[in-house]
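Asks: File entry.cif follows (mmCIF, C-alpha atoms):
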```cif
data_final
#
loop_
_atom_site.label_atom_id
_atom_site.label_comp_id
_atom_site.auth_asym_id
_atom_site.auth_seq_id
_atom_site.Cartn_x
_atom_site.Cartn_y
_atom_site.Cartn_z
CA MET A 9 135.65 -7.09 7.76
CA SER A 10 137.47 -9.71 9.82
CA VAL A 11 138.73 -8.62 13.25
CA ALA A 12 142.05 -10.20 14.22
CA THR A 13 142.57 -10.58 17.95
CA ILE A 14 145.86 -11.61 19.55
CA ILE A 15 145.14 -14.20 22.25
CA ASP A 16 147.80 -15.12 24.81
CA GLY A 17 150.43 -13.36 22.73
CA VAL A 18 149.81 -15.59 19.69
CA ALA A 19 149.09 -13.86 16.39
CA PRO A 20 146.07 -15.14 14.47
CA SER A 21 146.54 -17.18 11.33
CA ILE A 22 146.49 -15.01 8.22
CA TRP A 23 144.46 -17.76 6.56
CA GLY A 24 141.45 -16.73 8.60
CA ALA A 25 141.45 -13.39 6.80
CA ALA A 26 142.07 -15.09 3.45
CA HIS A 27 139.11 -17.45 3.91
CA ASP A 28 136.84 -14.58 4.96
CA VAL A 29 137.77 -12.52 1.91
CA ASP A 30 137.35 -15.53 -0.37
CA ALA A 31 133.88 -16.15 1.07
CA ARG A 32 132.87 -12.62 0.03
CA ARG A 33 134.06 -12.95 -3.56
CA PRO A 34 131.22 -12.58 -6.10
CA ARG A 35 131.94 -16.10 -7.35
CA SER A 36 131.58 -17.50 -3.83
CA LEU A 37 128.28 -15.68 -3.33
CA GLN A 38 126.85 -16.58 -6.75
CA THR A 39 123.87 -18.94 -6.51
CA GLN A 40 123.35 -19.38 -10.25
CA LEU A 41 125.14 -22.27 -11.94
CA GLY A 42 128.55 -21.24 -13.23
CA ALA A 43 130.63 -23.04 -15.83
CA SER A 44 133.19 -23.98 -13.15
CA ASP A 45 130.41 -25.83 -11.29
CA THR A 46 130.01 -28.29 -14.14
CA VAL A 47 132.98 -30.37 -12.99
CA CYS A 48 130.48 -32.98 -11.72
CA GLY A 49 126.86 -33.65 -12.69
CA ARG A 50 125.63 -34.25 -9.18
CA ARG A 51 127.39 -31.18 -7.77
CA ALA A 52 125.80 -29.09 -10.54
CA ALA A 53 122.39 -30.58 -9.65
CA TYR A 54 122.82 -29.70 -5.97
CA ILE A 55 123.53 -26.09 -6.95
CA LEU A 56 120.66 -25.87 -9.45
CA HIS A 57 118.23 -27.21 -6.84
CA GLY A 58 119.42 -24.68 -4.27
CA VAL A 59 120.82 -27.25 -1.83
CA THR A 60 122.81 -25.76 1.05
CA PRO A 61 126.44 -26.98 1.13
CA THR A 62 127.11 -29.49 3.90
CA ASP A 63 130.91 -29.30 3.99
CA HIS A 64 133.46 -26.52 4.22
CA PRO A 65 136.80 -28.02 3.15
CA ASP A 66 140.16 -26.34 3.54
CA LYS A 67 140.59 -23.93 0.63
CA ARG A 68 144.17 -22.75 1.09
CA THR A 69 145.45 -24.34 -2.10
CA ALA A 70 142.49 -23.00 -4.08
CA ILE A 71 142.97 -19.52 -2.60
CA LEU A 72 146.64 -19.51 -3.60
CA GLY A 73 145.56 -20.51 -7.10
CA THR A 74 143.09 -17.62 -7.10
CA TYR A 75 145.83 -15.14 -6.14
CA ILE A 76 148.15 -16.37 -8.90
CA HIS A 77 145.27 -16.42 -11.37
CA ALA A 78 144.19 -12.85 -10.54
CA GLY A 79 147.74 -11.47 -10.70
CA LEU A 80 148.49 -13.03 -14.08
CA LEU A 81 145.21 -11.89 -15.63
CA GLU A 82 145.61 -8.32 -14.37
CA SER A 83 149.13 -8.22 -15.81
CA ALA A 84 147.83 -9.47 -19.17
CA ARG A 85 145.10 -6.81 -19.11
CA THR A 86 147.42 -3.88 -18.40
CA GLU A 87 150.32 -4.97 -20.61
CA TYR A 88 148.58 -6.65 -23.55
CA GLY A 89 145.13 -5.10 -23.49
CA TRP A 90 143.45 -8.50 -23.32
CA LEU A 91 139.84 -8.68 -22.16
CA VAL A 92 139.92 -10.48 -18.80
CA GLU A 93 137.22 -11.66 -16.40
CA ARG A 94 134.38 -10.45 -18.64
CA SER A 95 130.92 -11.80 -17.87
CA VAL A 96 128.84 -13.96 -20.17
CA GLN A 97 125.37 -15.39 -19.75
CA ASP A 98 123.05 -17.52 -21.83
CA GLU A 99 120.27 -19.97 -21.09
CA SER A 100 122.76 -22.50 -19.69
CA ILE A 101 125.23 -20.68 -17.47
CA ARG A 102 126.54 -17.41 -16.13
CA GLY A 103 130.19 -16.78 -15.47
CA HIS A 104 133.35 -14.82 -16.20
CA VAL A 105 135.67 -15.72 -19.06
CA ASP A 106 139.34 -15.59 -18.09
CA VAL A 107 140.62 -14.10 -21.34
CA VAL A 108 139.18 -13.11 -24.70
CA GLN A 109 141.72 -12.05 -27.33
CA LEU A 110 140.07 -10.18 -30.16
CA ASP A 111 141.23 -10.48 -33.74
CA ALA A 112 141.95 -7.31 -35.76
CA ALA A 113 138.57 -7.17 -37.48
CA THR A 114 136.59 -7.46 -34.25
CA ALA A 115 138.90 -5.10 -32.33
CA ALA A 116 138.40 -2.46 -35.02
CA ARG A 117 134.72 -2.29 -34.04
CA LEU A 118 135.63 -1.04 -30.56
CA PRO A 119 136.70 2.45 -29.47
CA ALA A 120 140.46 2.81 -29.87
CA ARG A 121 141.07 2.93 -26.11
CA HIS A 122 139.55 -0.55 -25.70
CA ARG A 123 141.53 -2.29 -28.43
CA PRO A 124 144.29 -4.78 -27.57
CA ALA A 125 147.93 -3.77 -27.97
CA VAL A 126 148.40 -6.60 -30.46
CA PRO A 127 145.30 -8.32 -31.91
CA ALA A 128 145.19 -12.11 -32.10
CA ASP A 129 145.34 -13.79 -35.50
CA VAL A 130 141.93 -15.32 -34.76
CA LEU A 131 139.37 -14.62 -32.03
CA THR A 132 140.50 -16.71 -29.05
CA VAL A 133 138.91 -17.70 -25.75
CA GLU A 134 141.52 -18.59 -23.12
CA ASP A 135 141.22 -20.32 -19.77
CA VAL A 136 144.07 -20.11 -17.24
CA LYS A 137 144.50 -23.05 -14.87
CA THR A 138 146.97 -23.39 -11.99
CA LYS A 139 148.22 -26.90 -11.22
CA SER A 140 150.48 -28.50 -8.65
CA THR A 141 153.74 -30.23 -9.52
CA TRP A 142 152.03 -33.50 -8.59
CA MET A 143 149.57 -32.97 -11.48
CA TRP A 144 152.04 -31.43 -13.91
CA ASP A 145 153.11 -34.58 -15.75
CA ARG A 146 149.48 -35.40 -16.40
CA VAL A 147 148.90 -31.90 -17.79
CA LEU A 148 151.87 -32.19 -20.16
CA ARG A 149 150.84 -35.63 -21.36
CA TYR A 150 147.06 -35.34 -21.61
CA GLY A 151 146.15 -31.64 -21.45
CA ALA A 152 142.76 -30.41 -20.30
CA THR A 153 140.33 -32.79 -18.62
CA ALA A 154 136.83 -33.48 -19.94
CA ALA A 155 135.38 -31.18 -17.26
CA GLU A 156 137.81 -28.38 -18.15
CA LEU A 157 136.96 -28.74 -21.84
CA ARG A 158 133.24 -28.61 -21.01
CA GLN A 159 133.71 -25.46 -18.93
CA VAL A 160 135.54 -23.47 -21.60
CA HIS A 161 133.15 -24.67 -24.33
CA LEU A 162 130.25 -23.33 -22.27
CA TYR A 163 131.93 -19.93 -22.12
CA ALA A 164 132.91 -19.97 -25.77
CA GLY A 165 129.45 -21.21 -26.78
CA ALA A 166 127.80 -18.32 -24.92
CA LEU A 167 130.04 -15.81 -26.72
CA TYR A 168 129.41 -17.54 -30.05
CA GLU A 169 125.61 -17.47 -29.69
CA VAL A 170 124.97 -14.37 -27.54
CA GLY A 171 128.15 -12.38 -27.01
CA PHE A 172 129.18 -10.56 -23.85
CA GLU A 173 126.59 -10.00 -21.14
CA ASN A 174 124.96 -6.57 -21.35
CA VAL A 175 125.89 -5.19 -17.91
CA PRO A 176 127.48 -1.92 -16.74
CA GLY A 177 131.19 -1.72 -17.48
CA GLN A 178 131.05 -3.81 -20.63
CA ARG A 179 128.10 -2.55 -22.64
CA TYR A 180 130.51 -1.58 -25.41
CA LEU A 181 131.44 -5.25 -25.62
CA ALA A 182 127.81 -6.42 -25.58
CA ARG A 183 127.19 -4.25 -28.65
CA LEU A 184 129.53 -6.52 -30.61
CA GLY A 185 126.84 -9.20 -30.49
CA PRO A 186 127.64 -12.88 -31.17
CA LEU A 187 131.35 -13.44 -31.78
CA ASP A 188 133.03 -15.58 -34.38
CA ILE A 189 135.12 -17.68 -31.96
CA ALA A 190 137.83 -19.58 -33.78
CA ARG A 191 140.17 -20.95 -31.14
CA ILE A 192 140.21 -22.16 -27.55
CA ARG A 193 143.41 -21.97 -25.53
CA PHE A 194 144.31 -23.47 -22.17
CA ARG A 195 147.22 -21.90 -20.33
CA PHE A 196 148.41 -24.13 -17.50
CA ILE A 197 150.64 -22.62 -14.79
CA ASN A 198 152.59 -24.76 -12.33
CA ARG A 199 151.94 -22.94 -9.05
CA ASP A 200 155.07 -24.46 -7.48
CA SER A 201 157.64 -23.69 -10.19
CA GLY A 202 155.93 -21.14 -12.44
CA ALA A 203 156.29 -23.41 -15.49
CA GLU A 204 153.83 -22.65 -18.30
CA HIS A 205 152.18 -25.02 -20.77
CA VAL A 206 149.80 -23.98 -23.55
CA GLN A 207 147.25 -26.20 -25.28
CA GLU A 208 145.24 -24.91 -28.24
CA ILE A 209 142.28 -26.43 -30.09
CA ASP A 210 139.90 -25.16 -32.74
CA PHE A 211 136.53 -24.00 -31.48
CA ASP A 212 133.84 -26.50 -32.47
CA PRO A 213 130.20 -25.30 -32.20
CA GLN A 214 129.12 -28.95 -31.96
CA ARG A 215 131.20 -29.50 -28.83
CA ALA A 216 129.76 -26.29 -27.36
CA ALA A 217 126.26 -27.62 -28.07
CA GLU A 218 127.16 -30.90 -26.35
CA ALA A 219 128.33 -28.96 -23.27
CA GLN A 220 125.04 -27.04 -23.25
CA TRP A 221 123.12 -30.32 -23.58
CA TRP A 222 125.01 -31.62 -20.53
CA VAL A 223 123.75 -28.65 -18.50
CA GLU A 224 120.21 -29.13 -19.82
CA ARG A 225 120.29 -32.75 -18.71
CA VAL A 226 121.13 -31.56 -15.18
CA ARG A 227 118.32 -28.98 -15.30
CA GLU A 228 115.79 -31.65 -16.20
CA THR A 229 116.31 -33.50 -12.92
CA THR A 230 113.67 -33.26 -10.22
CA ASP A 231 116.09 -34.45 -7.54
CA PRO A 232 119.91 -34.05 -7.44
CA GLU A 233 120.28 -37.76 -6.63
CA GLU A 234 119.05 -38.52 -10.15
CA MET A 235 122.42 -37.39 -11.48
CA PRO A 236 125.11 -40.06 -11.31
CA ARG A 237 128.36 -39.40 -9.47
CA ASP A 238 131.08 -38.50 -11.98
CA PHE A 239 133.95 -39.50 -9.67
CA HIS A 240 134.87 -42.43 -7.41
CA GLY A 241 134.52 -40.58 -4.13
CA PRO A 242 136.58 -39.29 -1.19
CA GLY A 243 140.04 -40.73 -0.84
CA LEU A 244 140.14 -41.56 -4.54
CA ASP A 245 139.34 -38.26 -6.28
CA ALA A 246 140.37 -34.82 -5.02
CA ILE A 247 137.21 -33.34 -6.54
CA CYS A 248 135.23 -35.35 -3.97
CA ASP A 249 137.65 -34.66 -1.11
CA TYR A 250 137.05 -30.92 -1.43
CA CYS A 251 133.42 -30.97 -2.55
CA PRO A 252 131.04 -28.72 -0.55
CA PHE A 253 128.41 -31.48 -0.82
CA ARG A 254 130.64 -34.40 0.18
CA SER A 255 128.62 -35.54 3.21
CA LEU A 256 125.36 -35.28 1.29
CA CYS A 257 126.62 -37.15 -1.75
CA TRP A 258 128.39 -39.89 0.24
CA PRO A 259 126.28 -40.36 3.41
CA GLY A 260 125.65 -43.05 5.96
CA THR A 261 129.07 -44.51 6.78
CA ALA A 262 130.65 -44.71 10.22
CA PRO A 263 133.88 -42.79 10.97
CA GLY A 264 136.87 -44.55 9.46
CA VAL A 265 134.74 -46.60 7.05
CA PRO A 266 135.21 -45.81 3.33
CA GLU A 267 132.28 -43.82 1.97
CA GLN A 268 132.20 -46.11 -1.07
CA THR A 269 130.79 -48.93 1.09
CA ALA A 270 127.45 -47.15 0.82
CA LEU A 271 127.31 -48.33 -2.80
CA ILE A 272 126.97 -51.97 -1.74
CA HIS A 273 123.31 -52.81 -1.15
CA ASN A 274 123.08 -56.53 -1.93
CA ASP A 275 124.96 -59.59 -3.15
CA ALA A 276 124.61 -58.49 -6.76
CA ASP A 277 126.56 -55.32 -5.93
CA ARG A 278 129.23 -57.41 -4.19
CA GLU A 279 129.44 -59.72 -7.21
CA GLN A 280 130.00 -56.77 -9.56
CA ALA A 281 132.55 -55.19 -7.23
CA LEU A 282 134.53 -58.43 -7.17
CA ILE A 283 134.38 -58.63 -10.96
CA ASP A 284 135.68 -55.04 -11.14
CA TYR A 285 138.45 -55.85 -8.65
CA VAL A 286 139.64 -58.87 -10.64
CA LYS A 287 139.51 -56.86 -13.87
CA GLY A 288 141.56 -54.07 -12.26
CA HIS A 289 144.10 -56.59 -10.97
CA GLU A 290 144.47 -58.13 -14.42
CA LEU A 291 144.92 -54.73 -16.06
CA ALA A 292 147.51 -53.70 -13.46
CA SER A 293 149.41 -56.99 -13.86
CA GLU A 294 149.45 -56.66 -17.63
CA GLY A 295 150.54 -53.02 -17.39
CA ASP A 296 153.33 -53.93 -14.97
CA ARG A 297 154.53 -56.70 -17.29
CA ILE A 298 154.64 -54.31 -20.26
CA LYS A 299 156.56 -51.69 -18.23
CA LYS A 300 159.14 -54.22 -16.97
CA PHE A 301 159.74 -55.52 -20.49
CA ALA A 302 160.17 -52.00 -21.88
CA ARG A 303 162.46 -51.04 -18.98
CA LYS A 304 164.86 -53.88 -19.71
CA LYS A 305 164.93 -53.01 -23.40
CA LEU A 306 165.83 -49.39 -22.57
CA ASP A 307 168.56 -50.22 -20.04
CA GLN A 308 171.47 -49.13 -22.27
CA SER A 309 169.68 -46.34 -24.11
CA PRO A 310 171.12 -42.83 -23.75
CA ALA A 311 169.03 -39.98 -22.39
CA GLY A 312 167.22 -37.98 -25.04
CA THR A 313 163.93 -37.21 -26.73
CA TYR A 314 162.36 -40.03 -28.72
CA GLY A 315 159.12 -39.12 -30.42
CA PRO A 316 156.55 -37.93 -27.88
CA ASN A 317 158.63 -38.94 -24.81
CA LYS A 318 161.80 -37.71 -23.12
CA LEU A 319 164.09 -40.29 -21.49
CA SER A 320 166.38 -39.43 -18.59
CA TRP A 321 168.21 -41.40 -15.90
CA ARG A 322 169.17 -40.93 -12.28
CA GLY A 323 171.18 -43.15 -9.97
CA GLY A 324 174.09 -45.24 -11.22
CA ASN A 325 176.43 -43.66 -8.64
CA ASP A 326 179.04 -45.34 -6.45
CA GLU A 327 177.26 -47.20 -3.67
CA GLU A 328 178.35 -46.46 -0.11
CA LYS A 329 177.69 -48.07 3.26
CA ASP A 330 178.63 -47.33 6.85
CA ASP A 331 182.29 -48.23 7.55
CA VAL A 332 182.05 -50.28 10.77
CA GLU A 333 185.84 -50.55 11.31
CA ALA A 334 186.32 -46.81 10.92
CA MET A 335 183.43 -46.17 13.33
CA VAL A 336 185.09 -48.40 15.96
CA ASP A 337 188.33 -46.42 15.62
CA LEU A 338 186.41 -43.14 15.84
CA HIS A 339 184.61 -44.33 18.98
CA GLU A 340 187.96 -45.08 20.65
CA VAL A 341 189.52 -41.77 19.62
CA ALA A 342 186.47 -39.82 20.85
CA GLY A 343 186.28 -41.79 24.10
CA ILE A 344 182.86 -43.19 23.30
CA PRO A 345 182.22 -46.74 24.62
CA VAL A 346 182.33 -49.25 21.77
CA PRO A 347 179.46 -51.76 21.73
CA MET A 348 180.66 -55.23 22.76
CA LYS A 349 179.13 -56.57 19.55
CA PRO A 350 179.55 -54.37 16.45
CA ASP A 351 176.19 -52.65 16.00
CA ALA A 352 176.25 -50.28 13.03
CA ASP A 353 172.92 -48.61 13.82
CA ARG A 354 173.88 -47.96 17.44
CA MET A 355 177.31 -46.62 16.51
CA VAL A 356 175.77 -44.26 13.93
CA LYS A 357 173.48 -42.87 16.67
CA ASN A 358 176.46 -42.50 19.04
CA LEU A 359 178.51 -40.56 16.49
CA LYS A 360 175.61 -38.30 15.48
CA ALA A 361 174.85 -37.57 19.14
CA ALA A 362 178.51 -36.59 19.61
CA GLY A 363 178.36 -34.33 16.54
CA LEU A 364 180.81 -36.49 14.58
CA ALA A 365 180.57 -37.40 10.89
CA VAL A 366 179.67 -41.01 10.19
CA PRO A 367 182.45 -42.62 8.11
CA ARG A 368 181.34 -44.28 4.90
CA ARG A 369 183.12 -46.55 2.46
CA LYS A 370 182.51 -47.45 -1.16
CA THR A 371 181.24 -50.97 -1.78
CA GLY A 372 182.51 -51.23 -5.33
CA LYS A 373 178.92 -51.43 -6.57
CA LYS A 374 176.68 -48.88 -8.28
CA THR A 375 173.29 -47.66 -7.14
CA PRO A 376 170.45 -48.83 -9.40
CA ALA A 377 169.78 -46.69 -12.49
CA ILE A 378 166.25 -45.32 -12.21
CA ILE A 379 164.41 -44.52 -15.41
CA ASN A 380 162.39 -41.34 -15.80
CA ILE A 381 160.05 -40.79 -18.73
CA ALA A 382 158.28 -37.48 -19.32
CA PRO A 383 156.42 -35.91 -22.24
CA ALA A 384 158.79 -34.40 -24.82
#
```
Rewrite the structure from the file as structure tokens, please.

Replies:
Amino acid sequence: MSVATIIDGVAPSIWGAAHDVDARRPRSLQTQLGASDTVCGRRAAYILHGVTPTDHPDKRTAILGTYIHAGLLESARTEYGWLVERSVQDESIRGHVDVVQLDAATAARLPARHRPAVPADVLTVEDVKTKSTWMWDRVLRYGATAAELRQVHLYAGALYEVGFENVPGQRYLARLGPLDIARIRFRFINRDSGAEHVQEIDFDPQRAAEAQWWVERVRETTDPEEMPRDFHGPGLDAICDYCPFRSLCWPGTAPGVPEQTALIHNDADREQALIDYVKGHELASEGDRIKKFARKKLDQSPAGTYGPNKLSWRGGNDEEKDDVEAMVDLHEVAGIPVPMKPDADRMVKNLKAAGLAVPRRKTGKKTPAIINIAPA
């Protein structure tokens, strides 16, 4: 247990306790590869080879996500009778499935007290993900990432081939044996606003087999460095920014120097990097040209939903600017020295310092209309 000590009258940060508790969670102590570790091939290889983490990034955002996640799942368990945080294990991974919703036929094989309040139409494996507002538009437009799809297919594949792990507390579930999984569901929760977005796909045994093959490929390595990096590194991908193996995966650069410079070994690498840079510039230029053309075409279009996208506008209001003449009059009335040469910025500071409102006047123009496009 953490011991909080007040030093010089200053209370300790509550995050110290939160980090200590998080470090003692079974998932944090688990040394076996879990499905959530398969976000990156090299990270998975480090774990499989028993490499000690080199970095301890700030986990406050992740801890908040854990709290939201745990609260929602417990509510679903008590109110709906869903199976939550049940363990699975096969030859590839070990982990806990967020939610399993049994269909009527499967639920009927359980004791009445363990059956869901309302069975699902088909046996469903669900994964709950919390996301920030910054990532929300991407979630709505593209749904689960490749790594998230791989993770839930590993869980679903283990249930499909083996069933629930035979451990105390869920032996009655293990007796069900392999399950006829029919659907996978992602439930995304915006941890800033509480917004909810659901994505459903049919369970495909072939995709589960591909996810298992991915893990086997990692297991076949004799050295973690044999696995390629799946992301572009710190400063470019958050997965790398908060990776416990960041310093090991991206070593050898001086402070302030981008870690990616370690990828340049010779002139051939520089040649390829320049080719990639030019290609990226051309793609960005072409994308910008397409956007500008579309923006002009949409200039007089009303807000609304058009196919897969929702159009809205902001701006277009009366434009205002500081009224210099009125500020001069206000200076004189308030007894504030007027600058010898009209200086709008200085007069604004004078009025604000005196606690007076800065007079504004309309210019007769409108502020630019700013387009906003979101998934329908």

Asks: Can you tell me, as a PyMOL selection string, what residues are no more than 9 Å from region 177-193 of chain A when counting only C-alpha atoms, ignoring any on the same chain fewer than 5 positions away?

Replies: chain A and resi 94-95+114+117-119+130-136+160-161+164-172+206-212

Asks: Name the residues in contact with region 100-102 of chain A at a cut-off of 6 Å, using all atoms listed in the file, excluding same-chain residues fewer than 3 positions from it; report them as a PyMOL selection string.

Replies: chain A and resi 41-42+96-97

Asks: Work out how far apart CA of Pro34 (chain A) and CA of Phe253 (chain A) are and give it in Å to one decimal.

Replies: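 Taking CA of Pro34 (chain A) as the start and CA of Phe253 (chain A) as the end point, the length is 19.8 Å.
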
Asks: Taking the file as I've supplied it (selection: the PyMOL selection byres ((chain A and resi 43) around 10)), which residues are included? Please answer as a PyMOL selection string.

Replies: chain A and resi 40-42+44-47+52+100-105+155-156+158-163+219+223

Asks: Set the distance at 10 Å and use only C-alpha atoms: which residues neighbour region 347-352 of chain A once local chain neighbours fewer than 6 positions away are removed? I'd like the list as JSON, numbers by chain.

Replies: {"A": [330, 331, 332, 333, 335, 336, 339, 358]}

Asks: Which distance in Å separates CA of Thr138 (chain A) and CA of Pro124 (chain A), to one decimal?

Replies: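 Going from CA of Thr138 (chain A) over to CA of Pro124 (chain A), I get 24.4 Å.
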
Asks: Env of Ala311 (chain A): 10 Å cut, atoms = only C-alpha atoms, seq-sep filter 4 positions within chain, self excluded. Answer as an mmCIF file with C-alpha atoms, in the frame of the given file.

Replies:
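Once everything was written out, this is part_0.cif:
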```cif
data_model
loop_
_atom_site.group_PDB
_atom_site.id
_atom_site.type_symbol
_atom_site.label_atom_id
_atom_site.label_comp_id
_atom_site.auth_asym_id
_atom_site.auth_seq_id
_atom_site.Cartn_x
_atom_site.Cartn_y
_atom_site.Cartn_z
ATOM 1 C CA LEU A 306 165.830 -49.390 -22.570
ATOM 2 C CA LYS A 318 161.800 -37.710 -23.120
ATOM 3 C CA LEU A 319 164.090 -40.290 -21.490
ATOM 4 C CA SER A 320 166.380 -39.430 -18.590
ATOM 5 C CA TRP A 321 168.210 -41.400 -15.900
ATOM 6 C CA ILE A 379 164.410 -44.520 -15.410
ATOM 7 C CA ASN A 380 162.390 -41.340 -15.800
ATOM 8 C CA ILE A 381 160.050 -40.790 -18.730
#
```

Asks: With the input short on atoms, add N, CA, C and O atoms back to region 110-127 of chain A and write it as a JSON list (two decimals), in the coordinates of the input.

Replies:
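Below you can see part-v5.json, which holds the result:
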```json
[["chain", "number", "residue", "atom", "x", "y", "z"],
["A", 110, "LEU", "N", 140.78, -10.55, -28.94],
["A", 110, "LEU", "CA", 140.07, -10.18, -30.16],
["A", 110, "LEU", "C", 141.01, -10.19, -31.37],
["A", 110, "LEU", "O", 142.18, -9.82, -31.26],
["A", 111, "ASP", "N", 140.47, -10.59, -32.50],
["A", 111, "ASP", "CA", 141.23, -10.48, -33.74],
["A", 111, "ASP", "C", 141.12, -9.04, -34.24],
["A", 111, "ASP", "O", 140.36, -8.22, -33.70],
["A", 112, "ALA", "N", 141.88, -8.69, -35.29],
["A", 112, "ALA", "CA", 141.95, -7.31, -35.76],
["A", 112, "ALA", "C", 140.60, -6.79, -36.23],
["A", 112, "ALA", "O", 140.22, -5.64, -35.93],
["A", 113, "ALA", "N", 139.85, -7.62, -36.94],
["A", 113, "ALA", "CA", 138.57, -7.17, -37.48],
["A", 113, "ALA", "C", 137.58, -6.86, -36.37],
["A", 113, "ALA", "O", 136.87, -5.84, -36.42],
["A", 114, "THR", "N", 137.52, -7.70, -35.35],
["A", 114, "THR", "CA", 136.59, -7.46, -34.25],
["A", 114, "THR", "C", 137.06, -6.29, -33.40],
["A", 114, "THR", "O", 136.25, -5.45, -32.96],
["A", 115, "ALA", "N", 138.36, -6.19, -33.15],
["A", 115, "ALA", "CA", 138.90, -5.10, -32.33],
["A", 115, "ALA", "C", 138.63, -3.75, -32.98],
["A", 115, "ALA", "O", 138.42, -2.74, -32.29],
["A", 116, "ALA", "N", 138.62, -3.71, -34.32],
["A", 116, "ALA", "CA", 138.40, -2.46, -35.02],
["A", 116, "ALA", "C", 137.00, -1.89, -34.78],
["A", 116, "ALA", "O", 136.75, -0.71, -35.01],
["A", 117, "ARG", "N", 136.09, -2.73, -34.30],
["A", 117, "ARG", "CA", 134.72, -2.29, -34.04],
["A", 117, "ARG", "C", 134.59, -1.63, -32.66],
["A", 117, "ARG", "O", 133.51, -1.14, -32.31],
["A", 118, "LEU", "N", 135.65, -1.64, -31.89],
["A", 118, "LEU", "CA", 135.63, -1.04, -30.56],
["A", 118, "LEU", "C", 136.28, 0.34, -30.58],
["A", 118, "LEU", "O", 137.11, 0.63, -31.46],
["A", 119, "PRO", "N", 135.97, 1.18, -29.60],
["A", 119, "PRO", "CA", 136.70, 2.45, -29.47],
["A", 119, "PRO", "C", 138.19, 2.17, -29.32],
["A", 119, "PRO", "O", 138.60, 1.15, -28.74],
["A", 120, "ALA", "N", 139.01, 3.04, -29.84],
["A", 120, "ALA", "CA", 140.46, 2.81, -29.87],
["A", 120, "ALA", "C", 141.04, 2.49, -28.50],
["A", 120, "ALA", "O", 141.94, 1.66, -28.38],
["A", 121, "ARG", "N", 140.51, 3.14, -27.45],
["A", 121, "ARG", "CA", 141.07, 2.93, -26.11],
["A", 121, "ARG", "C", 140.82, 1.53, -25.56],
["A", 121, "ARG", "O", 141.45, 1.11, -24.59],
["A", 122, "HIS", "N", 139.88, 0.79, -26.17],
["A", 122, "HIS", "CA", 139.55, -0.55, -25.70],
["A", 122, "HIS", "C", 140.17, -1.66, -26.56],
["A", 122, "HIS", "O", 139.92, -2.83, -26.31],
["A", 123, "ARG", "N", 140.95, -1.28, -27.54],
["A", 123, "ARG", "CA", 141.53, -2.29, -28.43],
["A", 123, "ARG", "C", 142.80, -2.89, -27.81],
["A", 123, "ARG", "O", 143.53, -2.21, -27.08],
["A", 124, "PRO", "N", 143.08, -4.15, -28.11],
["A", 124, "PRO", "CA", 144.29, -4.78, -27.57],
["A", 124, "PRO", "C", 145.54, -4.18, -28.19],
["A", 124, "PRO", "O", 145.52, -3.64, -29.31],
["A", 125, "ALA", "N", 146.66, -4.27, -27.46],
["A", 125, "ALA", "CA", 147.93, -3.77, -27.97],
["A", 125, "ALA", "C", 148.32, -4.49, -29.25],
["A", 125, "ALA", "O", 148.77, -3.87, -30.22],
["A", 126, "VAL", "N", 148.13, -5.80, -29.27],
["A", 126, "VAL", "CA", 148.40, -6.60, -30.46],
["A", 126, "VAL", "C", 147.22, -7.56, -30.64],
["A", 126, "VAL", "O", 147.01, -8.43, -29.79],
["A", 127, "PRO", "N", 146.44, -7.42, -31.70],
["A", 127, "PRO", "CA", 145.30, -8.32, -31.91],
["A", 127, "PRO", "C", 145.77, -9.75, -32.15],
["A", 127, "PRO", "O", 146.89, -10.00, -32.62]]
```
